Every structure is written in C-alpha cells, then in structure tokens.
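Coordinates from run.csv are shown below (CSV, C-alpha atoms and all ligand atoms).
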```
chain,number,residue,atom,x,y,z
A,21,MET,CA,0.0,0.0,0.0
A,22,ARG,CA,1.2,3.5,-0.8
A,23,GLN,CA,0.3,6.6,1.2
A,24,VAL,CA,0.2,10.3,0.3
A,25,ARG,CA,-0.3,12.9,3.0
A,26,VAL,CA,-2.3,16.1,2.2
A,27,ALA,CA,-0.9,18.4,4.9
A,28,LEU,CA,-3.5,21.1,5.6
A,29,GLY,CA,-3.2,21.7,9.3
A,30,ASP,CA,-6.3,20.5,11.2
A,31,ARG,CA,-7.8,19.4,7.9
A,32,SER,CA,-4.9,17.1,6.9
A,33,TYR,CA,-5.6,13.6,5.6
A,34,THR,CA,-4.1,10.6,4.1
A,35,ILE,CA,-4.7,9.1,0.7
A,36,HIS,CA,-4.3,5.3,0.8
A,37,ILE,CA,-3.6,3.5,-2.5
A,38,GLY,CA,-3.5,-0.2,-3.3
A,39,ALA,CA,-5.3,-3.3,-4.4
A,40,GLY,CA,-8.0,-4.7,-2.2
A,41,LEU,CA,-8.1,-1.7,0.3
A,42,ALA,CA,-11.9,-1.6,0.4
A,43,ALA,CA,-11.8,-5.0,2.1
A,44,ASN,CA,-9.1,-4.0,4.5
A,45,ALA,CA,-11.0,-4.0,7.9
A,46,SER,CA,-8.3,-2.3,9.9
A,47,LEU,CA,-7.9,0.5,7.4
A,48,LEU,CA,-11.7,1.0,7.3
A,49,ALA,CA,-11.9,1.0,11.1
A,50,ASP,CA,-9.3,3.8,11.3
A,51,ALA,CA,-10.7,5.8,8.4
A,52,LEU,CA,-14.4,5.5,9.5
A,53,PRO,CA,-14.5,5.9,13.3
A,54,ALA,CA,-18.1,7.2,13.2
A,55,LEU,CA,-20.8,5.0,14.6
A,56,LYS,CA,-23.4,6.0,11.9
A,57,ILE,CA,-22.4,6.0,8.2
A,58,LEU,CA,-24.3,6.8,5.1
A,59,VAL,CA,-22.8,5.2,2.0
A,60,VAL,CA,-23.6,7.4,-1.1
A,61,SER,CA,-23.2,5.6,-4.4
A,62,ASN,CA,-25.1,5.2,-7.7
A,63,ASN,CA,-27.2,2.6,-9.3
A,64,THR,CA,-24.3,1.3,-11.4
A,65,VAL,CA,-21.6,1.1,-8.7
A,66,ALA,CA,-23.7,0.1,-5.7
A,67,PRO,CA,-24.9,-3.3,-7.2
A,68,LEU,CA,-21.2,-4.1,-7.9
A,69,TYR,CA,-19.6,-3.1,-4.6
A,70,ALA,CA,-21.9,-1.7,-1.9
A,71,ASN,CA,-23.1,-4.9,-0.4
A,72,PHE,CA,-19.8,-6.3,0.7
A,73,LEU,CA,-18.8,-2.9,2.1
A,74,LEU,CA,-22.0,-2.6,4.1
A,75,GLU,CA,-21.6,-6.1,5.5
A,76,LEU,CA,-18.0,-5.4,6.5
A,77,LEU,CA,-18.8,-2.1,8.2
A,78,ARG,CA,-21.8,-3.7,10.0
A,79,ALA,CA,-19.6,-6.5,11.2
A,80,MET,CA,-17.4,-3.8,12.7
A,81,GLY,CA,-20.4,-2.6,14.7
A,82,ARG,CA,-21.2,0.5,12.5
A,83,LYS,CA,-24.8,1.5,11.8
A,84,VAL,CA,-24.7,1.8,8.0
A,85,HIS,CA,-27.2,2.8,5.4
A,86,LEU,CA,-27.0,3.0,1.6
A,87,PHE,CA,-28.3,5.8,-0.6
A,88,GLU,CA,-28.2,5.4,-4.4
A,89,LEU,CA,-28.2,8.3,-6.8
A,90,PRO,CA,-29.2,7.7,-10.4
A,91,ASP,CA,-26.1,7.3,-12.6
A,92,GLY,CA,-25.0,10.3,-14.7
A,93,GLU,CA,-23.8,13.9,-14.9
A,94,ALA,CA,-27.4,14.9,-15.8
A,95,PHE,CA,-28.4,14.2,-12.2
A,96,LYS,CA,-25.5,16.2,-10.6
A,97,ASP,CA,-27.9,19.0,-9.4
A,98,VAL,CA,-29.4,20.5,-6.3
A,99,THR,CA,-32.6,18.4,-6.8
A,100,HIS,CA,-30.7,15.2,-6.3
A,101,ILE,CA,-28.7,16.6,-3.3
A,102,GLN,CA,-32.1,16.9,-1.6
A,103,GLY,CA,-32.3,13.0,-1.8
A,104,ILE,CA,-29.1,12.7,0.1
A,105,TYR,CA,-30.3,15.1,2.8
A,106,ASP,CA,-33.6,13.1,3.0
A,107,ALA,CA,-31.6,9.9,3.6
A,108,LEU,CA,-29.4,11.6,6.2
A,109,ILE,CA,-32.4,12.8,8.2
A,110,ARG,CA,-34.4,9.6,7.8
A,111,HIS,CA,-31.6,7.6,9.2
A,112,ASP,CA,-31.0,9.9,12.1
A,113,MET,CA,-27.5,11.0,11.1
A,114,ASP,CA,-26.0,13.5,13.5
A,115,ARG,CA,-23.0,15.8,13.5
A,116,HIS,CA,-20.7,12.9,14.4
A,117,SER,CA,-22.0,10.7,11.5
A,118,CYS,CA,-20.0,10.3,8.3
A,119,ILE,CA,-20.7,10.0,4.6
A,120,LEU,CA,-18.8,7.5,2.6
A,121,ALA,CA,-18.7,8.4,-1.2
A,122,LEU,CA,-18.5,5.2,-3.2
A,123,GLY,CA,-18.3,6.0,-7.0
A,124,GLY,CA,-16.8,8.2,-9.6
A,125,GLY,CA,-16.4,12.0,-9.7
A,126,VAL,CA,-20.1,12.7,-9.9
A,127,VAL,CA,-20.9,10.7,-6.7
A,128,GLY,CA,-17.8,12.1,-4.9
A,129,ASP,CA,-18.6,15.7,-5.8
A,130,MET,CA,-22.3,15.3,-4.7
A,131,ALA,CA,-21.6,13.3,-1.5
A,132,GLY,CA,-18.9,15.9,-0.6
A,133,PHE,CA,-21.3,18.8,-1.1
A,134,ALA,CA,-24.0,17.1,1.0
A,135,ALA,CA,-21.3,16.5,3.7
A,136,ALA,CA,-20.2,20.2,3.5
A,137,THR,CA,-23.7,21.4,4.1
A,138,TYR,CA,-25.6,18.9,6.2
A,139,GLN,CA,-25.9,20.3,9.7
A,140,ARG,CA,-23.3,22.9,8.7
A,141,GLY,CA,-20.8,20.1,7.9
A,142,ILE,CA,-20.1,16.5,8.8
A,143,ALA,CA,-17.1,14.2,7.9
A,144,PHE,CA,-16.9,12.4,4.6
A,145,VAL,CA,-14.5,9.8,3.2
A,146,GLN,CA,-13.8,9.3,-0.5
A,147,MET,CA,-13.7,5.8,-1.9
A,148,PRO,CA,-13.3,6.6,-5.7
A,149,THR,CA,-14.1,3.9,-8.2
A,150,THR,CA,-13.0,5.5,-11.6
A,151,LEU,CA,-9.5,6.3,-12.6
A,152,LEU,CA,-10.5,10.0,-13.0
A,153,ALA,CA,-11.7,10.1,-9.5
A,154,GLN,CA,-8.7,8.2,-8.1
A,155,VAL,CA,-6.2,10.6,-9.6
A,156,ASP,CA,-8.1,13.8,-9.4
A,157,SER,CA,-11.6,14.5,-8.1
A,158,SER,CA,-11.4,12.6,-4.8
A,159,VAL,CA,-8.4,14.7,-3.6
A,160,GLY,CA,-8.4,18.4,-2.9
A,161,GLY,CA,-11.9,19.1,-1.5
A,162,LYS,CA,-13.7,20.6,-4.5
A,163,THR,CA,-17.3,19.5,-4.1
A,164,GLY,CA,-20.5,20.6,-5.8
A,165,VAL,CA,-23.2,20.3,-8.4
A,166,ASN,CA,-24.1,21.8,-11.8
A,167,HIS,CA,-26.6,24.6,-12.5
A,168,PRO,CA,-28.6,24.6,-15.7
A,169,LEU,CA,-26.5,27.7,-16.7
A,170,GLY,CA,-23.1,26.2,-15.9
A,171,LYS,CA,-21.0,23.3,-14.8
A,172,ASN,CA,-20.0,23.0,-11.1
A,173,MET,CA,-21.5,26.5,-10.4
A,174,ILE,CA,-22.8,25.6,-6.9
A,175,GLY,CA,-20.3,24.1,-4.5
A,176,ALA,CA,-18.0,24.3,-1.5
A,177,PHE,CA,-14.4,23.5,-0.5
A,178,LYS,CA,-14.7,20.5,1.9
A,179,GLN,CA,-11.7,18.3,2.4
A,180,PRO,CA,-12.4,14.6,2.9
A,181,ALA,CA,-11.3,13.0,6.2
A,182,SER,CA,-9.4,10.4,4.2
A,183,VAL,CA,-9.3,8.9,0.7
A,184,ILE,CA,-9.2,5.1,0.1
A,185,ILE,CA,-8.2,4.2,-3.4
A,186,ASP,CA,-8.7,0.6,-4.2
A,187,ILE,CA,-7.3,-0.1,-7.6
A,188,SER,CA,-9.2,-3.4,-7.9
A,189,PHE,CA,-12.4,-1.3,-8.6
A,190,LEU,CA,-10.8,-0.4,-11.9
A,191,ARG,CA,-11.3,-3.9,-13.2
A,192,SER,CA,-15.0,-3.3,-13.9
A,193,LEU,CA,-14.5,0.2,-15.4
A,194,PRO,CA,-15.4,0.4,-19.1
A,195,ASP,CA,-12.4,1.0,-21.5
A,196,ARG,CA,-13.7,4.4,-22.5
A,197,GLU,CA,-14.0,5.6,-18.9
A,198,PHE,CA,-10.6,4.2,-18.1
A,199,CYS,CA,-8.9,6.1,-21.0
A,200,SER,CA,-10.8,9.3,-20.0
A,201,GLY,CA,-9.0,9.1,-16.6
A,202,LEU,CA,-5.6,8.8,-18.3
A,203,ALA,CA,-6.0,12.3,-19.6
A,204,GLU,CA,-5.7,13.7,-16.1
A,205,VAL,CA,-2.7,11.5,-15.4
A,206,ILE,CA,-1.0,12.9,-18.6
A,207,LYS,CA,-1.9,16.4,-17.4
A,208,TYR,CA,0.2,16.1,-14.2
A,209,ALA,CA,3.2,15.0,-16.3
A,210,LEU,CA,2.8,17.9,-18.7
A,211,ILE,CA,2.4,20.6,-16.2
A,212,ARG,CA,4.7,19.5,-13.4
A,213,ASP,CA,6.9,16.5,-14.1
A,214,ARG,CA,9.0,15.8,-17.1
A,215,ASP,CA,10.4,12.5,-15.6
A,216,PHE,CA,6.8,11.3,-15.2
A,217,LEU,CA,6.2,12.1,-18.8
A,218,VAL,CA,9.1,9.9,-19.9
A,219,TRP,CA,7.8,7.2,-17.6
A,220,LEU,CA,4.3,7.4,-19.0
A,221,GLU,CA,5.7,7.2,-22.6
A,222,GLU,CA,7.5,4.0,-21.6
A,223,HIS,CA,4.7,2.4,-19.7
A,224,MET,CA,1.5,3.5,-21.5
A,225,ASP,CA,0.9,0.1,-23.0
A,226,ARG,CA,1.0,-1.6,-19.6
A,227,MET,CA,-1.3,1.2,-18.2
A,228,ILE,CA,-3.8,0.4,-21.0
A,229,ALA,CA,-3.5,-3.3,-20.1
A,230,ARG,CA,-4.3,-2.2,-16.4
A,231,ASP,CA,-1.2,-3.8,-15.0
A,232,PRO,CA,-1.8,-3.3,-11.2
A,233,GLN,CA,1.8,-2.4,-10.4
A,234,ILE,CA,1.9,0.2,-13.1
A,235,LEU,CA,-1.5,1.6,-12.1
A,236,GLU,CA,-0.5,1.9,-8.5
A,237,GLU,CA,2.6,3.8,-9.4
A,238,ALA,CA,0.8,6.2,-11.8
A,239,ILE,CA,-2.0,6.8,-9.3
A,240,ALA,CA,0.4,7.4,-6.5
A,241,ARG,CA,2.5,9.9,-8.5
A,242,SER,CA,-0.7,11.7,-9.7
A,243,CYS,CA,-2.0,12.0,-6.1
A,244,GLN,CA,1.4,13.2,-4.9
A,245,HIS,CA,1.2,16.0,-7.5
A,246,LYS,CA,-2.4,16.9,-6.7
A,247,ALA,CA,-1.6,16.9,-3.0
A,248,GLU,CA,1.4,19.2,-3.5
A,249,VAL,CA,-0.7,21.7,-5.5
A,250,VAL,CA,-3.6,21.6,-3.0
A,251,ILE,CA,-1.2,22.1,-0.1
A,252,ASN,CA,0.4,25.2,-1.8
A,253,ASP,CA,-2.9,26.7,-3.0
A,254,GLU,CA,-6.0,25.1,-1.5
A,255,LEU,CA,-8.5,27.8,-2.5
A,256,GLU,CA,-7.1,28.3,-6.1
A,257,GLN,CA,-5.6,31.8,-5.8
A,258,GLY,CA,-2.7,30.8,-8.0
A,259,GLU,CA,-0.9,27.5,-8.8
A,260,ARG,CA,-4.1,25.3,-8.5
A,261,ALA,CA,-5.3,26.9,-11.8
A,262,PHE,CA,-2.5,25.0,-13.6
A,263,LEU,CA,-4.6,21.8,-12.9
A,264,ASN,CA,-6.9,23.4,-15.5
A,265,PHE,CA,-4.4,22.8,-18.3
A,266,GLY,CA,-6.5,21.8,-21.4
A,267,HIS,CA,-9.8,22.4,-19.4
A,268,THR,CA,-10.6,25.8,-20.9
A,269,PHE,CA,-10.9,24.3,-24.4
A,270,GLY,CA,-12.2,21.0,-22.9
A,271,HIS,CA,-15.1,22.6,-21.0
A,272,ALA,CA,-16.0,24.5,-24.2
A,273,ILE,CA,-16.1,21.1,-26.1
A,274,GLU,CA,-18.2,19.5,-23.3
A,275,THR,CA,-20.6,22.5,-23.2
A,276,PHE,CA,-20.9,22.7,-27.0
A,277,THR,CA,-21.7,19.0,-27.3
A,278,GLY,CA,-24.2,19.1,-24.4
A,279,TYR,CA,-22.3,16.9,-21.9
A,280,ASN,CA,-23.6,13.7,-23.5
A,281,THR,CA,-21.2,12.8,-26.3
A,282,TRP,CA,-17.7,13.6,-25.0
A,283,LEU,CA,-16.4,12.3,-21.7
A,284,HIS,CA,-14.6,14.8,-19.5
A,285,GLY,CA,-11.2,13.3,-20.0
A,286,GLU,CA,-11.7,13.0,-23.8
A,287,ALA,CA,-12.6,16.8,-24.0
A,288,VAL,CA,-9.6,17.6,-21.8
A,289,ALA,CA,-7.3,15.5,-24.1
A,290,ALA,CA,-8.4,17.4,-27.2
A,291,GLY,CA,-8.1,20.6,-25.1
A,292,MET,CA,-4.5,19.8,-24.0
A,293,TYR,CA,-3.5,19.2,-27.6
A,294,LEU,CA,-5.0,22.6,-28.5
A,295,ALA,CA,-3.2,24.2,-25.6
A,296,ALA,CA,0.0,22.5,-26.7
A,297,SER,CA,-0.4,24.1,-30.2
A,298,PHE,CA,-1.0,27.5,-28.5
A,299,SER,CA,2.1,26.9,-26.4
A,300,SER,CA,4.1,26.4,-29.6
A,301,ALA,CA,2.7,29.6,-31.1
A,302,LEU,CA,2.8,31.9,-28.0
A,303,TYR,CA,5.7,30.4,-26.0
A,304,GLY,CA,7.9,28.7,-28.6
A,305,LEU,CA,7.3,25.1,-27.3
A,306,SER,CA,9.0,23.2,-30.1
A,307,LYS,CA,7.0,21.3,-32.8
A,308,ASP,CA,8.8,18.1,-31.7
A,309,LYS,CA,7.5,18.5,-28.2
A,310,VAL,CA,3.9,19.1,-29.4
A,311,ALA,CA,4.3,16.0,-31.5
A,312,ARG,CA,5.3,14.0,-28.4
A,313,ILE,CA,2.2,15.2,-26.6
A,314,LYS,CA,0.1,14.1,-29.6
A,315,THR,CA,1.7,10.6,-29.7
A,316,LEU,CA,1.2,10.1,-25.9
A,317,LEU,CA,-2.5,11.1,-26.1
A,318,GLU,CA,-3.0,8.7,-29.1
A,319,GLN,CA,-1.2,5.9,-27.2
A,320,ALA,CA,-3.8,6.5,-24.4
A,321,ARG,CA,-6.5,6.1,-27.0
A,322,LEU,CA,-7.7,9.7,-26.5
A,323,PRO,CA,-9.0,12.1,-29.1
A,324,ILE,CA,-6.8,15.0,-30.1
A,325,GLN,CA,-9.1,16.9,-32.5
A,326,PRO,CA,-12.1,19.0,-31.4
A,327,PRO,CA,-15.5,18.2,-32.9
A,328,THR,CA,-15.3,19.2,-36.6
A,329,GLN,CA,-18.6,21.1,-36.4
A,330,MET,CA,-17.1,23.4,-33.7
A,331,ALA,CA,-15.9,26.8,-35.1
A,332,SER,CA,-13.5,29.3,-33.3
A,333,GLU,CA,-16.5,31.5,-32.5
A,334,ASP,CA,-18.2,28.5,-30.7
A,335,PHE,CA,-15.1,28.1,-28.5
A,336,LEU,CA,-14.9,31.9,-27.7
A,337,ASN,CA,-18.6,32.2,-26.9
A,338,ILE,CA,-18.1,29.5,-24.2
A,339,MET,CA,-14.6,30.4,-23.1
A,340,ARG,CA,-15.7,34.0,-22.2
A,341,HIS,CA,-17.5,32.4,-19.2
A,342,ASP,CA,-14.5,30.4,-18.0
A,343,LYS,CA,-13.9,30.7,-14.2
A,344,LYS,CA,-10.3,31.9,-14.9
A,345,VAL,CA,-11.5,35.0,-16.9
A,346,LYS,CA,-10.1,38.2,-15.3
A,347,ASP,CA,-11.0,41.7,-16.2
A,348,GLY,CA,-12.7,40.4,-19.3
A,349,ARG,CA,-9.6,38.6,-20.6
A,350,ILE,CA,-9.4,34.9,-21.2
A,351,ARG,CA,-6.5,33.3,-19.4
A,352,LEU,CA,-5.0,30.1,-20.8
A,353,ILE,CA,-2.8,27.6,-19.0
A,354,LEU,CA,0.1,27.0,-21.4
A,355,LEU,CA,3.4,25.1,-21.4
A,356,PRO,CA,6.6,27.1,-21.8
A,357,GLU,CA,8.4,23.7,-21.5
A,358,LEU,CA,7.4,20.1,-21.1
A,359,GLY,CA,6.8,19.6,-17.3
A,360,ARG,CA,6.2,23.3,-16.6
A,361,ALA,CA,3.0,25.4,-16.8
A,362,ASP,CA,2.2,29.1,-16.8
A,363,VAL,CA,-0.9,31.2,-17.1
A,364,LEU,CA,-1.2,33.8,-19.9
A,365,ALA,CA,-4.0,36.3,-20.6
A,366,VAL,CA,-4.6,36.1,-24.4
A,367,ASP,CA,-6.7,38.5,-26.4
A,368,GLU,CA,-9.7,37.1,-28.2
A,369,PRO,CA,-8.5,37.9,-31.8
A,370,VAL,CA,-5.3,36.0,-31.0
A,371,ILE,CA,-7.2,33.0,-29.8
A,372,LYS,CA,-9.6,33.2,-32.8
A,373,ASN,CA,-6.7,33.5,-35.3
A,374,GLN,CA,-4.8,30.6,-33.7
A,375,LEU,CA,-7.9,28.3,-33.5
A,376,ASP,CA,-8.7,29.1,-37.2
A,377,GLN,CA,-5.2,28.1,-38.2
A,378,ILE,CA,-5.5,24.9,-36.3
A,379,MET,CA,-8.9,24.1,-37.7
A,380,VAL,CA,-7.7,24.7,-41.3
A,381,GLY,CA,-4.8,22.3,-40.5
A,382,GLN,CA,-7.3,19.8,-39.3
A,383,ASP,CA,-9.3,20.0,-42.5
A,384,ALA,CA,-6.3,19.5,-44.7
B,1,LIG,P1,-18.7,9.4,-13.3
B,1,LIG,O1,-18.7,9.6,-11.9
B,1,LIG,O2,-19.9,9.8,-14.1
B,1,LIG,O3,-18.3,7.9,-13.6
B,1,LIG,C1,-18.2,7.4,-14.9
B,1,LIG,C2,-19.1,6.2,-15.2
B,1,LIG,O4,-18.4,5.0,-14.7
B,1,LIG,C3,-20.5,6.2,-14.5
B,1,LIG,O5,-21.4,5.6,-15.4
B,1,LIG,C4,-20.2,5.4,-13.3
B,1,LIG,O6,-21.4,4.9,-12.7
B,1,LIG,C5,-19.3,4.3,-13.8
B,1,LIG,N1,-18.5,3.7,-12.8
B,1,LIG,C6,-17.8,4.2,-11.8
B,1,LIG,N2,-17.0,3.4,-11.2
B,1,LIG,C7,-17.2,2.2,-11.9
B,1,LIG,C8,-16.5,0.9,-11.7
B,1,LIG,N3,-15.6,0.7,-10.8
B,1,LIG,N4,-16.9,-0.1,-12.6
B,1,LIG,C9,-17.9,0.2,-13.5
B,1,LIG,N5,-18.5,1.4,-13.7
B,1,LIG,C10,-18.1,2.4,-12.9
B,1,LIG,O7,-17.4,10.2,-14.0
B,1,LIG,P2,-15.9,10.5,-13.6
B,1,LIG,O8,-15.2,10.6,-14.8
B,1,LIG,O9,-15.5,9.6,-12.5
B,1,LIG,O10,-16.1,11.9,-12.9
B,1,LIG,C11,-16.5,13.1,-13.7
B,1,LIG,C12,-17.1,14.1,-12.7
B,1,LIG,O11,-16.0,14.5,-11.8
B,1,LIG,C13,-17.6,15.4,-13.4
B,1,LIG,O12,-18.8,15.7,-12.8
B,1,LIG,C14,-16.5,16.4,-13.0
B,1,LIG,O13,-17.0,17.7,-12.9
B,1,LIG,C15,-16.0,15.9,-11.7
B,1,LIG,N6,-14.6,16.3,-11.4
B,1,LIG,C16,-14.4,16.9,-10.2
B,1,LIG,C17,-13.1,17.2,-9.8
B,1,LIG,C18,-12.9,17.8,-8.4
B,1,LIG,O14,-11.8,18.3,-8.2
B,1,LIG,N7,-13.9,17.7,-7.5
B,1,LIG,C19,-12.1,17.0,-10.7
B,1,LIG,C20,-12.3,16.5,-11.9
B,1,LIG,C21,-13.6,16.1,-12.3
B,2,LIG,N1,-9.5,19.3,-10.7
B,2,LIG,C1,-9.0,20.6,-10.5
B,2,LIG,C2,-8.8,21.0,-9.1
B,2,LIG,O1,-9.1,20.2,-8.2
B,2,LIG,O2,-8.4,22.0,-8.8
```

Could you render the structure from this file as structure tokens?
Amino acid sequence: MRQVRVALGDRSYTIHIGAGLAANASLLADALPALKILVVSNNTVAPLYANFLLELLRAMGRKVHLFELPDGEAFKDVTHIQGIYDALIRHDMDRHSCILALGGGVVGDMAGFAAATYQRGIAFVQMPTTLLAQVDSSVGGKTGVNHPLGKNMIGAFKQPASVIIDISFLRSLPDREFCSGLAEVIKYALIRDRDFLVWLEEHMDRMIARDPQILEEAIARSCQHKAEVVINDELEQGERAFLNFGHTFGHAIETFTGYNTWLHGEAVAAGMYLAASFSSALYGLSKDKVARIKTLLEQARLPIQPPTQMASEDFLNIMRHDKKVKDGRIRLILLPELGRADVLAVDEPVIKNQLDQIMVGQDA
C-alpha cells in the first residue's frame, strides 16, 4: 500500500492507494471511526460493490445505510442533493456521523457537497471507483453540483477525512471511462513532471492493459502532484489553476456538445492538444514536443481533434464564461516547456486566429 499525505493543518488527511483496500477491515476501522455512516453511491456502482462494504462495516459494529443516486452527470444537481439530505435525516444521522462516497467523480462531488452542508458540515470519506476520481476529483476538496446555466457552479471546498483508493475497482470500469481518466494522469506530467512524462511514454501500453503495479505507481504519482498543488494553493488563488491545463478548451467542447457525447477526459485531451499548439505559437514550445504530446495522447486512445462542427466563435462564446477569466480577458494555461506550466492572458483575436489556423490544418 502507498500513502500520500495532504498536509492542511487540522484538515490534513491521508490518501491510501493499493489493491483490495476496500476489504481491509483495519484500514476501514481507522478511516471511518463514526458509529453512523451513510454510503452514497449510484445505481451502477452500488450493485457491484456496496453490499460487501455494508456487510464489512456492519460486522465492525457500524450502523450503515446506503443511498443510491441515479447514474449520470445529468443528475448532478441540487434536486438530487435533496435526496441525500432526506436519507441523512431519515436515518437519524447527526453531526458525528460520516458520509462514505463510493463511486466516480459525480458521486464524490455530490456526496462531498452534502457533507459540507448537512448540519453545517459533517465528515466524509472518499472511496473513488473511476481512474479519473482516483487521480483527481477525490483529492483536494472541490465539491458541488451543476446549475442549468453552468458546470460546477454551486459548491463548497470541503476536504475529505481520508481517501481510500482501491485499484481493484478499476477492473470493472469500461475502457472508454478508463482512458478518459488517463487524460488527467498525462496532465500532471505535462504541467509538473518531465520524468513522469518519460515514464508514461515508456509504460502507457502496460497502463492500458491495467497492470496493477503500473496503475498503483501512476495513481500514487498523480495523487502526490495533486496533494502538493492543493497544499500550496487550497483555494485556487494561484498555482491550482494550472490543474486546469486543457480544461478551458475542454469545457468548451463539453458544453458545446451538451455533456452527453464527449467524456470529461476526452474533451480535456483534445483541449490539452490545442493548448500545446497555442504553447508552440505563443511560448515557442518546439514542434517536436507538441508531436510528443500528440503521440502520448494517441497511445492513451484519447481524441486530439475537437469536434469538426465546432468553429472558433463557438469556442470563444463559451470560453468567455470560464472561471479563470479576469477583467474580461481569457487566461489560458500554457506550457513554456514540457513539465512546466504558466498562465497567460490572451486577447480574443489572437485566440480566434490561432484556432482558425489549427482548424484549417485539421481539414487539410
Ligand atoms: P462518473 O462519476 O460519471 O463515472 C463514470 C461512469 O463510470 C459512470 O457511469 C459510473 O457509474 C461508472 N463507474 C464508476 N465506477 C465504476 C466501476 N468501478 N466499474 C464500472 N463502472 C463504474 O465520471 P468520472 O469521470 O469519475 O467523474 C466526472 C465528474 O468528476 C464530473 O462531474 C466532473 O465535474 C467531476 N470532477 C471533479 C473534480 C474535483 O476536483 N472535484 C475534478 C475532476 C472532475
Ligand atoms: N480538478 C481541478 C482541481 O481540483 O483544482
């Protein structure tokens, strides 16, 4: 088992990473000291994994109940948070009770938001079951839901009490969801760690084959990066924005396509390749390095081209509402070098011109 510490004073916690951890009774006993626990999951993950977890926790003397959300980003809203509150109250959960989030990023974000707000805040533990959630969303305390007018618009910072990453959960994850998570792994290498980039280039085939040793290493290195960024800048006043590399373009793709065609990591992958091309034009990142990024994304079976029906104006119309916009200027996360990120305010005509050039290249 690997451990990564997120050192945040009295909100510090440990990320535990390994195979079979969800069945490790002593780890669960330490991570979940509360007598009453509400397991929040969804109707895909719960039938696979909730029963054995409930039985194990009950055998340890805990009073445990299960609440299932419907599966999907479409249900990540305040209406469905109400269902979690109903379950908490119905099962007499008090301020010393705990929520256990068992699922991907949608379940984790929603369970975390319910924990942040129920009785002004109760403890929650993340048990992420997708690669994306294991390397990104379960760590760092961003919780929340979507609003019809924007993604993740309602939320709170609420750090989990601990994160239990059982890589055995990944065995049942569909290929497309698995590859979507790889985009966030590649992101850490591109923005922070050139050695990790070389390691990923060498090991991507074994990652795709879900070799447990390789997965554990990649997840631990990703969590270490996320932990360092969150420790330095918990509330995103600076460096944490670098975790948004590829996301400004990616969110535009997700929004344009209505959140039902492209998975988050797929849109981020195409967004990272666009950001790499911008880095070449605006920061002089060499063409060879941009080509390396393209090859790695393709090795990870991720898309690199945005939807063909999307014009530069479509990108700009959405990017104008990005959370990083400051004084009316769009700010992009770019790569001056492989393994190093920076933020640059770029004028709209420059973005349009650059996107038009890339789209023309795409048509050719
Ligand atoms: P998801 O939660 O929708 O899970 C993807 C699919 O896989 C779902 O159908 C789910 O039911 C299924 N699934 C989950 N685990 C499984 C398993 N082990 N076996 C089989 N199927 C399984 O999507 P995601 O990619 O995990 O998360 C995306 C969400 O995370 C988005 O809402 C995004 O906004 C959020 N997010 C949050 C942060 C953060 O810092 N809080 C960071 C990145 C993304
Ligand atoms: N996933 C981006 C962040 O946690 O800041």

*Kindly indicate which residue among A:Ala365, A:Ala229, A:Ile338, A:Ile324 lies nearest to Ile350 of chain A, using only C-alpha atoms for the distances.*
A:Ala365

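Distance annotation: of A:Val84, A:Ile228, A:Val165, A:Ala136, the residue with the minimal separation from ligand LIG 1 (chain B) is A:Val165; atom set is only C-alpha atoms and all ligand atoms.
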
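The closest residue to ligand LIG 1 (chain B), picked from A:Val65, A:Leu77, A:Met292, A:Ala287 and counting only C-alpha atoms and all ligand atoms, is A:Val65.
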
_Top pick for closest residue to Asp334 of chain A, considering A:Glu222, A:Asp30, A:Asp186, A:Glu274 and counting all atoms listed in the file_ =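 Nearest to Asp334 of chain A: A:Glu274.
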
*Between atom CA of Val145 of chain A and atom CA of Ile206 of chain A, measure the distance and give it in Å to one decimal.*
25.8 Å

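Between atom CA of Phe298 of chain A and atom CA of Asp347 of chain A lies a distance of 21.3 Å.
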
*Which residue, A:Ala79, A:Leu28, A:Cys199, A:Ala45, has the smallest gap to ligand LIG 1 (chain B) when you use only C-alpha atoms and all ligand atoms?*
A:Cys199

_Need the shell around Val24 of chain A: protein/DNA/RNA residues with any atom at most 7 Å away, counting only C-alpha atoms. Skip same-chain ones fewer than 5 positions apart. Format as a PyMOL selection string?_
chain A and resi 34-36+243-244

*Go through A:Gly29, A:Ser306, A:Asn373, A:Glu333 and flag the residue nearest Pro356 of chain A, using all atoms listed in the file for the distances.*
A:Ser306

*Suppose you want the space between atom CA of Lys346 of chain A and atom CA of Leu169 of chain A; what is it in Å?*
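Between these atoms lies a distance of 19.5 Å.
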
At most 12 Å from (-1.8, 2.5, -3.3), file frame, all atoms listed in the file: which residues, as a PDB file with C-alpha atoms, keeping the file's coordinate frame?
```pdb
ATOM      1  CA  MET A  21       0.000   0.000   0.000  1.00  0.00           C
ATOM      2  CA  ARG A  22       1.200   3.500  -0.800  1.00  0.00           C
ATOM      3  CA  GLN A  23       0.300   6.600   1.200  1.00  0.00           C
ATOM      4  CA  VAL A  24       0.200  10.300   0.300  1.00  0.00           C
ATOM      5  CA  THR A  34      -4.100  10.600   4.100  1.00  0.00           C
ATOM      6  CA  ILE A  35      -4.700   9.100   0.700  1.00  0.00           C
ATOM      7  CA  HIS A  36      -4.300   5.300   0.800  1.00  0.00           C
ATOM      8  CA  ILE A  37      -3.600   3.500  -2.500  1.00  0.00           C
ATOM      9  CA  GLY A  38      -3.500  -0.200  -3.300  1.00  0.00           C
ATOM     10  CA  ALA A  39      -5.300  -3.300  -4.400  1.00  0.00           C
ATOM     11  CA  GLY A  40      -8.000  -4.700  -2.200  1.00  0.00           C
ATOM     12  CA  LEU A  41      -8.100  -1.700   0.300  1.00  0.00           C
ATOM     13  CA  ALA A  42     -11.900  -1.600   0.400  1.00  0.00           C
ATOM     14  CA  GLN A 154      -8.700   8.200  -8.100  1.00  0.00           C
ATOM     15  CA  VAL A 155      -6.200  10.600  -9.600  1.00  0.00           C
ATOM     16  CA  VAL A 183      -9.300   8.900   0.700  1.00  0.00           C
ATOM     17  CA  ILE A 184      -9.200   5.100   0.100  1.00  0.00           C
ATOM     18  CA  ILE A 185      -8.200   4.200  -3.400  1.00  0.00           C
ATOM     19  CA  ASP A 186      -8.700   0.600  -4.200  1.00  0.00           C
ATOM     20  CA  ILE A 187      -7.300  -0.100  -7.600  1.00  0.00           C
ATOM     21  CA  SER A 188      -9.200  -3.400  -7.900  1.00  0.00           C
ATOM     22  CA  PRO A 232      -1.800  -3.300 -11.200  1.00  0.00           C
ATOM     23  CA  GLN A 233       1.800  -2.400 -10.400  1.00  0.00           C
ATOM     24  CA  ILE A 234       1.900   0.200 -13.100  1.00  0.00           C
ATOM     25  CA  LEU A 235      -1.500   1.600 -12.100  1.00  0.00           C
ATOM     26  CA  GLU A 236      -0.500   1.900  -8.500  1.00  0.00           C
ATOM     27  CA  GLU A 237       2.600   3.800  -9.400  1.00  0.00           C
ATOM     28  CA  ALA A 238       0.800   6.200 -11.800  1.00  0.00           C
ATOM     29  CA  ILE A 239      -2.000   6.800  -9.300  1.00  0.00           C
ATOM     30  CA  ALA A 240       0.400   7.400  -6.500  1.00  0.00           C
ATOM     31  CA  ARG A 241       2.500   9.900  -8.500  1.00  0.00           C
ATOM     32  CA  SER A 242      -0.700  11.700  -9.700  1.00  0.00           C
ATOM     33  CA  CYS A 243      -2.000  12.000  -6.100  1.00  0.00           C
ATOM     34  CA  GLN A 244       1.400  13.200  -4.900  1.00  0.00           C
TER      35      GLN A 244
END
```

_I'd like the contact shell of Ala94 of chain A - 10 Å cut-off, all atoms listed in the file, skipping same-chain residues fewer than 6 positions apart - returned as a ChimeraX atom specification._
/A:126,166,168,279-280
